[in-house]
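J.: Below are the structure tokens for one structure; questions will follow.
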Amino acid sequence: MNTFLWVIVPYLCLAVFVVGHVWRYRYDKFGWTTRSSQLYENRLLRLGSPMFHFGMLGVVGGHVIGLLVPRSWTAAVGVDDHLYHYAAVIGGLVAGILALVGMSILVYRRRTVGPVFSATTPMDKVMYAFLGAAIVLGMWNTIAGSIFSLGGEYNYREGVSVWYRSFLAFQPDADLMAEAPIGFKLHALVAFGLFALWPFTRLVHVFSAPVGYLTRPYVVYRSRDDRSLGSATPRRGWDRVG
Amino acid sequence: MRVMAQMAMVMNLDKCIGCHTCSVTCKQAWTNRTGMEYVWFNNVETRPGLGYPRTYEDQDEWQGGWVRKPNGRLALKAGGRLKKLLTIFSNPKLPSIEDYYEPWTYDYETLLNSPASENFPVARPKSLLTGKDMQVQWSANWDDDLGGSQEHASRDVMFKGIEDKVKLEFEETFMFYLPRICEHCLNPSCAASCPSGAIYKRAEDGIVLVDQDRCRGWRMCVSGCPYKKVYFNHKTGKAEKCTFCYPRIEVGIPTVCSETCVGRLRYIGLMLYDADAVLEAAAVEDDHDLYEAQRSVFLDPRDPEVEQAALAAGIQADWIEAAKKSPVLRLINDYKVALPLHPEYRTMPMVWYIPPLSPVVDVVKETGEDAEDRGNLFAAIDTLRIPVEYLANLFTAGDVEPVNGVLKKLAAMRSYMRDINLGREPDASIPAAVGMTEEEMYEMFRLLAIAKYADRYVIPPAHAEQAHALEELATECSVDFDAAGSFYDQALLGEGAGYPTPVAVENFRMLQDRQTSDTVAAPDDKASRVNLLNWDGKGTPEGMFPPRGDGGGA
């Protein structure tokens with residue numbers, strides 16, 4: 001069971017995530033968009049969207065530090081457990097609350113503003129469920145686990161993080177996850193479910209964050225006979241000539 | 001000098017009768033799709049009026065276009081690259097659907113299905129966004145013919161500086177129509193605002209297009225364009241804009257809006273320009289100099305030096321010939337009667353306008369004086385601050401001199417041609433008074449009044465033999481994505497996901513054949529028609545397939 005949950009399922013989800021993105025990018029460049037609904041409603045979006053997105057950027061940054069940086073590294077640069085704990089809890093709480101409140105505003109908006117609601121696809125709804133669950137569980141782990149120490153002391157940097165790195169190194173150690181509290185387990189499973197859904201949702205827009213804008217010339221010229229003209233591969237039977 | 005070619009348009013506003021045929025045919029061709037209900041690539045505004053979207057010209061509010069910084073360089077008015085990226089999660093200057101209008105349809109079914117009753121059944125307006133009943137409150141053309149203008153028109157931003165003199169009482173006001181399409185600017189701020197780099201200017205003909213495959217729906221182009229001529233398709237989540245009907249232009253036929261213009265007021269032709277001089281011209285200090293600065297960027301293809309440089313820059317000889325014959329060049333640079341729309345946005349727009357003389361003529365007529373007399377018209381142009389100042393706010397950033405000059409030329413042409421039409425001796429002093437020769441004036445009259453199709457539209461076909469493929473096969477044309485019924489429709493990846501179906505350029509060629517050939521049925525270039533019913537399937541009868549192009553044989 002442990003092998004199934006902490007080896008097979010994560011790798012399956014990772015495979016779907018990677019292959020799904022390649023497939024989506026090749027098949028559906030046209031559908032690769034943020035699918036913004038700002039045109040319909042601006043007041044709530046103005047509040048919720050930046051809160052959610054900047055919160056999520058913080059959350060992702062926190063996960064990168066927490067999961068990928070080993071305890072020994074931070075100790076080596078003079079950050080002891082106590083200091084790390086403080087930074088992680090405070091940073092995590094701020095980012096998490098921003099994301100959660102932002103998302104609540106956005107979901108409320110989606111439900112109550114007519115045009116936005118009718119532009120919501122079933123895929124959106126499933127994705128929101130997973131995303132919301134992942135954020136709530138993550139918050140629970142931070143608050144219940146790290147602040148009130150419910151269910152005993154647990155240092156995820158000795159458990160979940162090590163497992164995650166072993167997972168990325170393709171030498172997964174399922175036992176480490178089996179020992180983790182239920183909150184962490186659920187959070188990880190929901191997150192992997194979200195990863196598997198990712199390529200088939202609007203979340204793909206994360207990978208087109210336009211950082212190239214900072215360096216490219218303002219006005220783009222393109223020539224008709226430029227090979228890179230249309231970025232989609234023509235359909236079979238419509239191959240380009242010449 | 002870096003010579004580039006630009007497909008450009010001039011509209012003669014005196015001839016616009018406000019029939020909206022251009023808007024309707026454009027809508028039928030390009031934006032009759034879900035997600036685009038509220039979009040008009042071509043719209044006709046009554047001025048004075050608020051325009052579409054409402055008060056789009058108020059750049060203090062919408063922050064479109066460019067501004068000149070104190071150091072003399074241009075910057076996007078809405079903020080630079082970093083600010084754009086920081087506000088990407090919620091574009092602060094995006095017009096909402098209310099600024100355009102909430103699209104609707106009518107519930108016609110109740111008219112047909114209603115049982116016999118005492119009262120007439122009513123087809124209620126239903127919102128196309130929510131499907132619910134709605135109250136229609138605004139549309140793309142709500143203040144048509146000054147409808148409701150006593151309430152709205154005072155908010156027309158073009159009244160800036162002349163508010164105290166404006167009279168909007170019905171008897172004393174003036175009006176004219178302003179058809180607008182994308183300006184296909186030389187210095188497009190929409191393209192500069194696009195974080196993904198999906199909006200590009202075609203190097204061959206300067207048409208500004210959105211790559212539907214690279215657009216990620218960040219919406220910065222919508223706010224970046226001061227003319228608000230980039231639109232957000234709310235179903236596909238992509239930006240779309242006027243394409244200058246490039247599939248038609250590529251085969252040498254005019255845009256749909258021009259083709260169907262009842263007043264025949266549109267002119268299409270090439271302009272050659274010096275791409276190296278664009279930024280400097282767009283950054284001149286005084287707004288009033290922008291009109292002349294932009295004119296100075298244009299090159300005269302009749303100048304042998306320019307011709308050499310153009311050939312060296314890879315512009316084909318037939319394109320240079322077309323540029324020499326361009327009616328747009330004549331109107332902008334020879335007669336100097338066409339003016340750019342809002343040069344103060346510093347985008348170097350390439351759809352120019354001949355300002356209307358008719359409001360002035362109407363005023364003179366009402367006084368009982370001779371409205372075709374040069375003296376009366378000249379005096380009226382000089383003394384009537386309105387509407388000349390209003391026109392100047394539209395076309396020359398408020399500088400009345402160029403507008404005065406154009407109106408006087410048009411007035412002189414009126415008086416001069418009256419003498420000719422009435423069989424009187426033409427008065428050479430009339431053209432001389434506006435700095436033209438008699439011949440020039442007559443040629444200008446011919447171009448403005450009686451020019452034929454081939455004189456109004458001088459469009460060299462694209463050089464397909466250079467291209468690996470025609471653009472429409474290469475760059476996805478937004479209309480292609482309307483195919484319904486796909487498995488991926490809406491349900492999974494959003495509407496219109498998947499491969500596009502290309503529009504066949506052959507359709508346009510065949511249509512042209514049909515319009516211009518003498519025979520009723522078969523196109524001339526085909527030896528005979530093929531009867532598929534008795535064709536036994538062996539061999540390929542002549543005329544069955546279109547002739548293979550040079551680049552063929554993949």
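To be explicit about the labels: the chains of the structure tokens are called A, B, and onward in the order shown, and within each one the residues are counted from 1, while ligands get numbers from 1 in the order they are shown.
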Excluding same-chain residues fewer than 6 positions from segment 31-39 of chain A, what lies within 6 Å of it counting only C-alpha atoms, as JSON, numbers by chain?
T.: {"A": [202, 205], "B": [96, 97, 216, 217, 237, 497]}
J.: Quick one: everything within 8 Å of Ile135 of chain A, counting only C-alpha atoms, minus sequence neighbours fewer than 3 positions away in the same chain. Send it as a ChimeraX atom specification.
T.: /A:96,99-100,131-132,138-139
J.: Taking C-alpha atoms for each residue, export the selection above as a tab-separated table (two decimals), in the first residue's frame.
T.:
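Output below, filename result_35.tsv:
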chain	number	residue	atom	x	y	z
A	96	GLY	CA	-1.17	30.97	2.56
A	99	ALA	CA	-3.78	32.79	-1.42
A	100	LEU	CA	-6.72	31.44	0.54
A	131	LEU	CA	-6.41	23.51	-5.58
A	132	GLY	CA	-8.62	24.61	-2.71
A	138	GLY	CA	-1.36	22.95	3.60
A	139	MET	CA	-2.65	25.63	5.94
J.: Can you pull out the residues contacting Asp205 of chain B? Cut-off 10 Å, using only C-alpha atoms, and skip same-chain residues under 2 positions away; I want them as a PyMOL selection string.
T.: (chain A and resi 223-224) or (chain B and resi 4-8+184+201-203+207-208+246+249-250+270-272+315+319+462)
J.: Of the candidates A:Thr121, A:Ala174, A:Gly58, A:Ser104, which one gets nearest to chain B if we count only C-alpha atoms?
T.: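 Among the listed residues, A:Thr121 lies closest to chain B.
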J.: For the structure I just gave you, how does DSSP split segment 265-432 of chain B - specifically, which residues are strand (DSSP E or B)? Reply as a ChimeraX atom specification.
T.: /B:266-274,298-299,339-340,351-354
J.: Keeping only C-alpha atoms, write the selected residues as a PDB file, in the first residue's frame.
T.:
ATOM      1  CA  ARG B 266     -12.063  54.470 -48.842  1.00  0.00           C
ATOM      2  CA  TYR B 267      -8.738  54.353 -50.626  1.00  0.00           C
ATOM      3  CA  ILE B 268      -6.128  51.633 -50.183  1.00  0.00           C
ATOM      4  CA  GLY B 269      -2.548  51.783 -51.340  1.00  0.00           C
ATOM      5  CA  LEU B 270       1.046  51.329 -50.343  1.00  0.00           C
ATOM      6  CA  MET B 271       3.203  53.850 -48.528  1.00  0.00           C
ATOM      7  CA  LEU B 272       6.957  53.455 -48.459  1.00  0.00           C
ATOM      8  CA  TYR B 273       8.574  54.731 -45.307  1.00  0.00           C
ATOM      9  CA  ASP B 274      11.909  54.929 -43.616  1.00  0.00           C
ATOM     10  CA  PHE B 298       7.189  58.661 -45.769  1.00  0.00           C
ATOM     11  CA  LEU B 299       9.376  58.189 -48.817  1.00  0.00           C
ATOM     12  CA  LEU B 339      -4.653  63.751 -41.884  1.00  0.00           C
ATOM     13  CA  PRO B 340      -3.856  61.079 -39.284  1.00  0.00           C
ATOM     14  CA  VAL B 351      -5.396  54.967 -41.577  1.00  0.00           C
ATOM     15  CA  TRP B 352      -5.779  58.631 -42.486  1.00  0.00           C
ATOM     16  CA  TYR B 353      -8.798  60.852 -42.956  1.00  0.00           C
ATOM     17  CA  ILE B 354      -9.843  63.695 -45.195  1.00  0.00           C
TER      18      ILE B 354
END
J.: Can you tell me how far atom CA of Asn43 of chain B sits from atom CA of Ser23 of chain B, in Å to one decimal?
T.: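 A separation of 5.2 Å between them.
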J.: From a DSSP pass on the backbone, collect the residues of segment 34-188 of chain A flagged as helix (DSSP H, G or I) and hand them back as a PyMOL selection string.
T.: chain A and resi 43-68+71-76+81-112+114-118+122-147+160-168+174-178+182-188
J.: Hey, can you check how far atom CA of Val3 of chain B sits from atom CA of Glu183 of chain B?
T.: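 It comes out at 19.7 Å.
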J.: Which polymer residues have any atom within 12 Å of an atom of Pro431 of chain B, counting only C-alpha atoms, with same-chain residues fewer than 2 positions away left out, as a ChimeraX atom specification?
T.: /B:335,374,408-417,426-429,433-445
J.: Write the residues you've just listed into a file as a PDB file, in the first residue's frame, and include N, CA and C atoms for each of them.
T.:
ATOM      1  N   TYR B 335      -1.357  66.019 -52.394  1.00  0.00           N
ATOM      2  CA  TYR B 335      -2.388  67.050 -52.180  1.00  0.00           C
ATOM      3  C   TYR B 335      -2.432  67.486 -50.725  1.00  0.00           C
ATOM      4  N   ARG B 374     -16.098  80.551 -53.162  1.00  0.00           N
ATOM      5  CA  ARG B 374     -14.841  80.377 -52.453  1.00  0.00           C
ATOM      6  C   ARG B 374     -14.706  81.368 -51.306  1.00  0.00           C
ATOM      7  N   LYS B 408      -9.751  74.442 -46.830  1.00  0.00           N
ATOM      8  CA  LYS B 408      -9.713  75.452 -47.895  1.00  0.00           C
ATOM      9  C   LYS B 408      -9.487  74.794 -49.250  1.00  0.00           C
ATOM     10  N   LYS B 409      -8.640  73.768 -49.290  1.00  0.00           N
ATOM     11  CA  LYS B 409      -8.440  73.058 -50.555  1.00  0.00           C
ATOM     12  C   LYS B 409      -9.741  72.436 -51.025  1.00  0.00           C
ATOM     13  N   LEU B 410     -10.463  71.829 -50.092  1.00  0.00           N
ATOM     14  CA  LEU B 410     -11.724  71.192 -50.472  1.00  0.00           C
ATOM     15  C   LEU B 410     -12.735  72.248 -50.921  1.00  0.00           C
ATOM     16  N   ALA B 411     -12.737  73.395 -50.220  1.00  0.00           N
ATOM     17  CA  ALA B 411     -13.661  74.471 -50.597  1.00  0.00           C
ATOM     18  C   ALA B 411     -13.291  75.023 -51.962  1.00  0.00           C
ATOM     19  N   ALA B 412     -11.980  75.198 -52.195  1.00  0.00           N
ATOM     20  CA  ALA B 412     -11.536  75.712 -53.487  1.00  0.00           C
ATOM     21  C   ALA B 412     -11.938  74.750 -54.598  1.00  0.00           C
ATOM     22  N   MET B 413     -11.775  73.452 -54.324  1.00  0.00           N
ATOM     23  CA  MET B 413     -12.139  72.454 -55.329  1.00  0.00           C
ATOM     24  C   MET B 413     -13.622  72.548 -55.679  1.00  0.00           C
ATOM     25  N   ARG B 414     -14.431  72.784 -54.655  1.00  0.00           N
ATOM     26  CA  ARG B 414     -15.869  72.927 -54.849  1.00  0.00           C
ATOM     27  C   ARG B 414     -16.171  74.096 -55.796  1.00  0.00           C
ATOM     28  N   SER B 415     -15.590  75.257 -55.487  1.00  0.00           N
ATOM     29  CA  SER B 415     -15.870  76.444 -56.308  1.00  0.00           C
ATOM     30  C   SER B 415     -15.321  76.261 -57.721  1.00  0.00           C
ATOM     31  N   TYR B 416     -14.101  75.738 -57.802  1.00  0.00           N
ATOM     32  CA  TYR B 416     -13.443  75.589 -59.101  1.00  0.00           C
ATOM     33  C   TYR B 416     -14.248  74.651 -59.995  1.00  0.00           C
ATOM     34  N   MET B 417     -14.675  73.532 -59.438  1.00  0.00           N
ATOM     35  CA  MET B 417     -15.395  72.547 -60.243  1.00  0.00           C
ATOM     36  C   MET B 417     -16.787  73.032 -60.614  1.00  0.00           C
ATOM     37  N   PRO B 426     -13.055  78.302 -66.240  1.00  0.00           N
ATOM     38  CA  PRO B 426     -12.482  77.980 -64.928  1.00  0.00           C
ATOM     39  C   PRO B 426     -11.561  79.085 -64.437  1.00  0.00           C
ATOM     40  N   ASP B 427     -11.618  79.341 -63.145  1.00  0.00           N
ATOM     41  CA  ASP B 427     -10.888  80.450 -62.561  1.00  0.00           C
ATOM     42  C   ASP B 427      -9.572  79.941 -61.967  1.00  0.00           C
ATOM     43  N   ALA B 428      -8.463  80.237 -62.643  1.00  0.00           N
ATOM     44  CA  ALA B 428      -7.166  79.711 -62.226  1.00  0.00           C
ATOM     45  C   ALA B 428      -6.720  80.275 -60.883  1.00  0.00           C
ATOM     46  N   SER B 429      -7.313  81.396 -60.480  1.00  0.00           N
ATOM     47  CA  SER B 429      -6.881  81.980 -59.214  1.00  0.00           C
ATOM     48  C   SER B 429      -7.383  81.152 -58.026  1.00  0.00           C
ATOM     49  N   ALA B 433      -4.989  80.073 -55.024  1.00  0.00           N
ATOM     50  CA  ALA B 433      -5.188  80.594 -53.668  1.00  0.00           C
ATOM     51  C   ALA B 433      -4.850  79.563 -52.606  1.00  0.00           C
ATOM     52  N   VAL B 434      -4.921  78.272 -52.970  1.00  0.00           N
ATOM     53  CA  VAL B 434      -4.562  77.235 -51.992  1.00  0.00           C
ATOM     54  C   VAL B 434      -3.276  76.529 -52.403  1.00  0.00           C
ATOM     55  N   GLY B 435      -2.510  77.179 -53.260  1.00  0.00           N
ATOM     56  CA  GLY B 435      -1.197  76.657 -53.614  1.00  0.00           C
ATOM     57  C   GLY B 435      -1.216  75.447 -54.524  1.00  0.00           C
ATOM     58  N   MET B 436      -2.242  75.354 -55.381  1.00  0.00           N
ATOM     59  CA  MET B 436      -2.287  74.221 -56.303  1.00  0.00           C
ATOM     60  C   MET B 436      -2.394  74.729 -57.730  1.00  0.00           C
ATOM     61  N   THR B 437      -1.984  73.876 -58.683  1.00  0.00           N
ATOM     62  CA  THR B 437      -2.196  74.234 -60.075  1.00  0.00           C
ATOM     63  C   THR B 437      -3.587  73.756 -60.494  1.00  0.00           C
ATOM     64  N   GLU B 438      -4.052  74.289 -61.636  1.00  0.00           N
ATOM     65  CA  GLU B 438      -5.364  73.859 -62.118  1.00  0.00           C
ATOM     66  C   GLU B 438      -5.402  72.365 -62.375  1.00  0.00           C
ATOM     67  N   GLU B 439      -4.292  71.862 -62.954  1.00  0.00           N
ATOM     68  CA  GLU B 439      -4.230  70.443 -63.277  1.00  0.00           C
ATOM     69  C   GLU B 439      -4.318  69.581 -62.018  1.00  0.00           C
ATOM     70  N   GLU B 440      -3.523  69.983 -61.020  1.00  0.00           N
ATOM     71  CA  GLU B 440      -3.534  69.239 -59.754  1.00  0.00           C
ATOM     72  C   GLU B 440      -4.936  69.208 -59.162  1.00  0.00           C
ATOM     73  N   MET B 441      -5.582  70.367 -59.198  1.00  0.00           N
ATOM     74  CA  MET B 441      -6.902  70.454 -58.595  1.00  0.00           C
ATOM     75  C   MET B 441      -7.875  69.541 -59.315  1.00  0.00           C
ATOM     76  N   TYR B 442      -7.760  69.494 -60.632  1.00  0.00           N
ATOM     77  CA  TYR B 442      -8.660  68.642 -61.394  1.00  0.00           C
ATOM     78  C   TYR B 442      -8.379  67.176 -61.102  1.00  0.00           C
ATOM     79  N   GLU B 443      -7.083  66.835 -61.015  1.00  0.00           N
ATOM     80  CA  GLU B 443      -6.723  65.449 -60.697  1.00  0.00           C
ATOM     81  C   GLU B 443      -7.242  65.072 -59.308  1.00  0.00           C
ATOM     82  N   MET B 444      -7.112  66.004 -58.380  1.00  0.00           N
ATOM     83  CA  MET B 444      -7.595  65.731 -57.027  1.00  0.00           C
ATOM     84  C   MET B 444      -9.108  65.513 -57.059  1.00  0.00           C
ATOM     85  N   PHE B 445      -9.788  66.347 -57.835  1.00  0.00           N
ATOM     86  CA  PHE B 445     -11.233  66.183 -57.957  1.00  0.00           C
ATOM     87  C   PHE B 445     -11.564  64.788 -58.492  1.00  0.00           C
TER      88      PHE B 445
END
J.: At a cut-off of 10 Å, using only C-alpha atoms, what residues contact Asp60 of chain B? Leave out same-chain residues fewer than 4 positions from it and give the result as JSON, numbers by chain.
T.: {"B": [64, 77, 78]}
J.: So which residues touch Arg71 of chain A within 10 Å, counting only C-alpha atoms, skipping near sequence neighbours fewer than 6 positions away, as a PyMOL selection string?
T.: chain A and resi 79-81+84+157-158+161-162
J.: What separation in Å, quoted to one decimal, exists between atom CA of Arg110 of chain A and atom CA of Phe89 of chain B?
T.: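 Straight-line distance from atom CA of Arg110 of chain A to atom CA of Phe89 of chain B works out to 15.9 Å.
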J.: Have a look at B:Ala239, B:Leu111, B:Ala338, B:Ala392 and name the one nearest to Lys160 of chain B; count only C-alpha atoms.
T.: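 Nearest candidate to Lys160 of chain B out of B:Ala239, B:Leu111, B:Ala338, B:Ala392: B:Ala392.
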J.: Between A:Ala75, A:Ala180, A:Val9, A:Leu47, which is the closest to chain B once you count only C-alpha atoms?
T.: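 Selected residue with least distance to chain B: A:Leu47.
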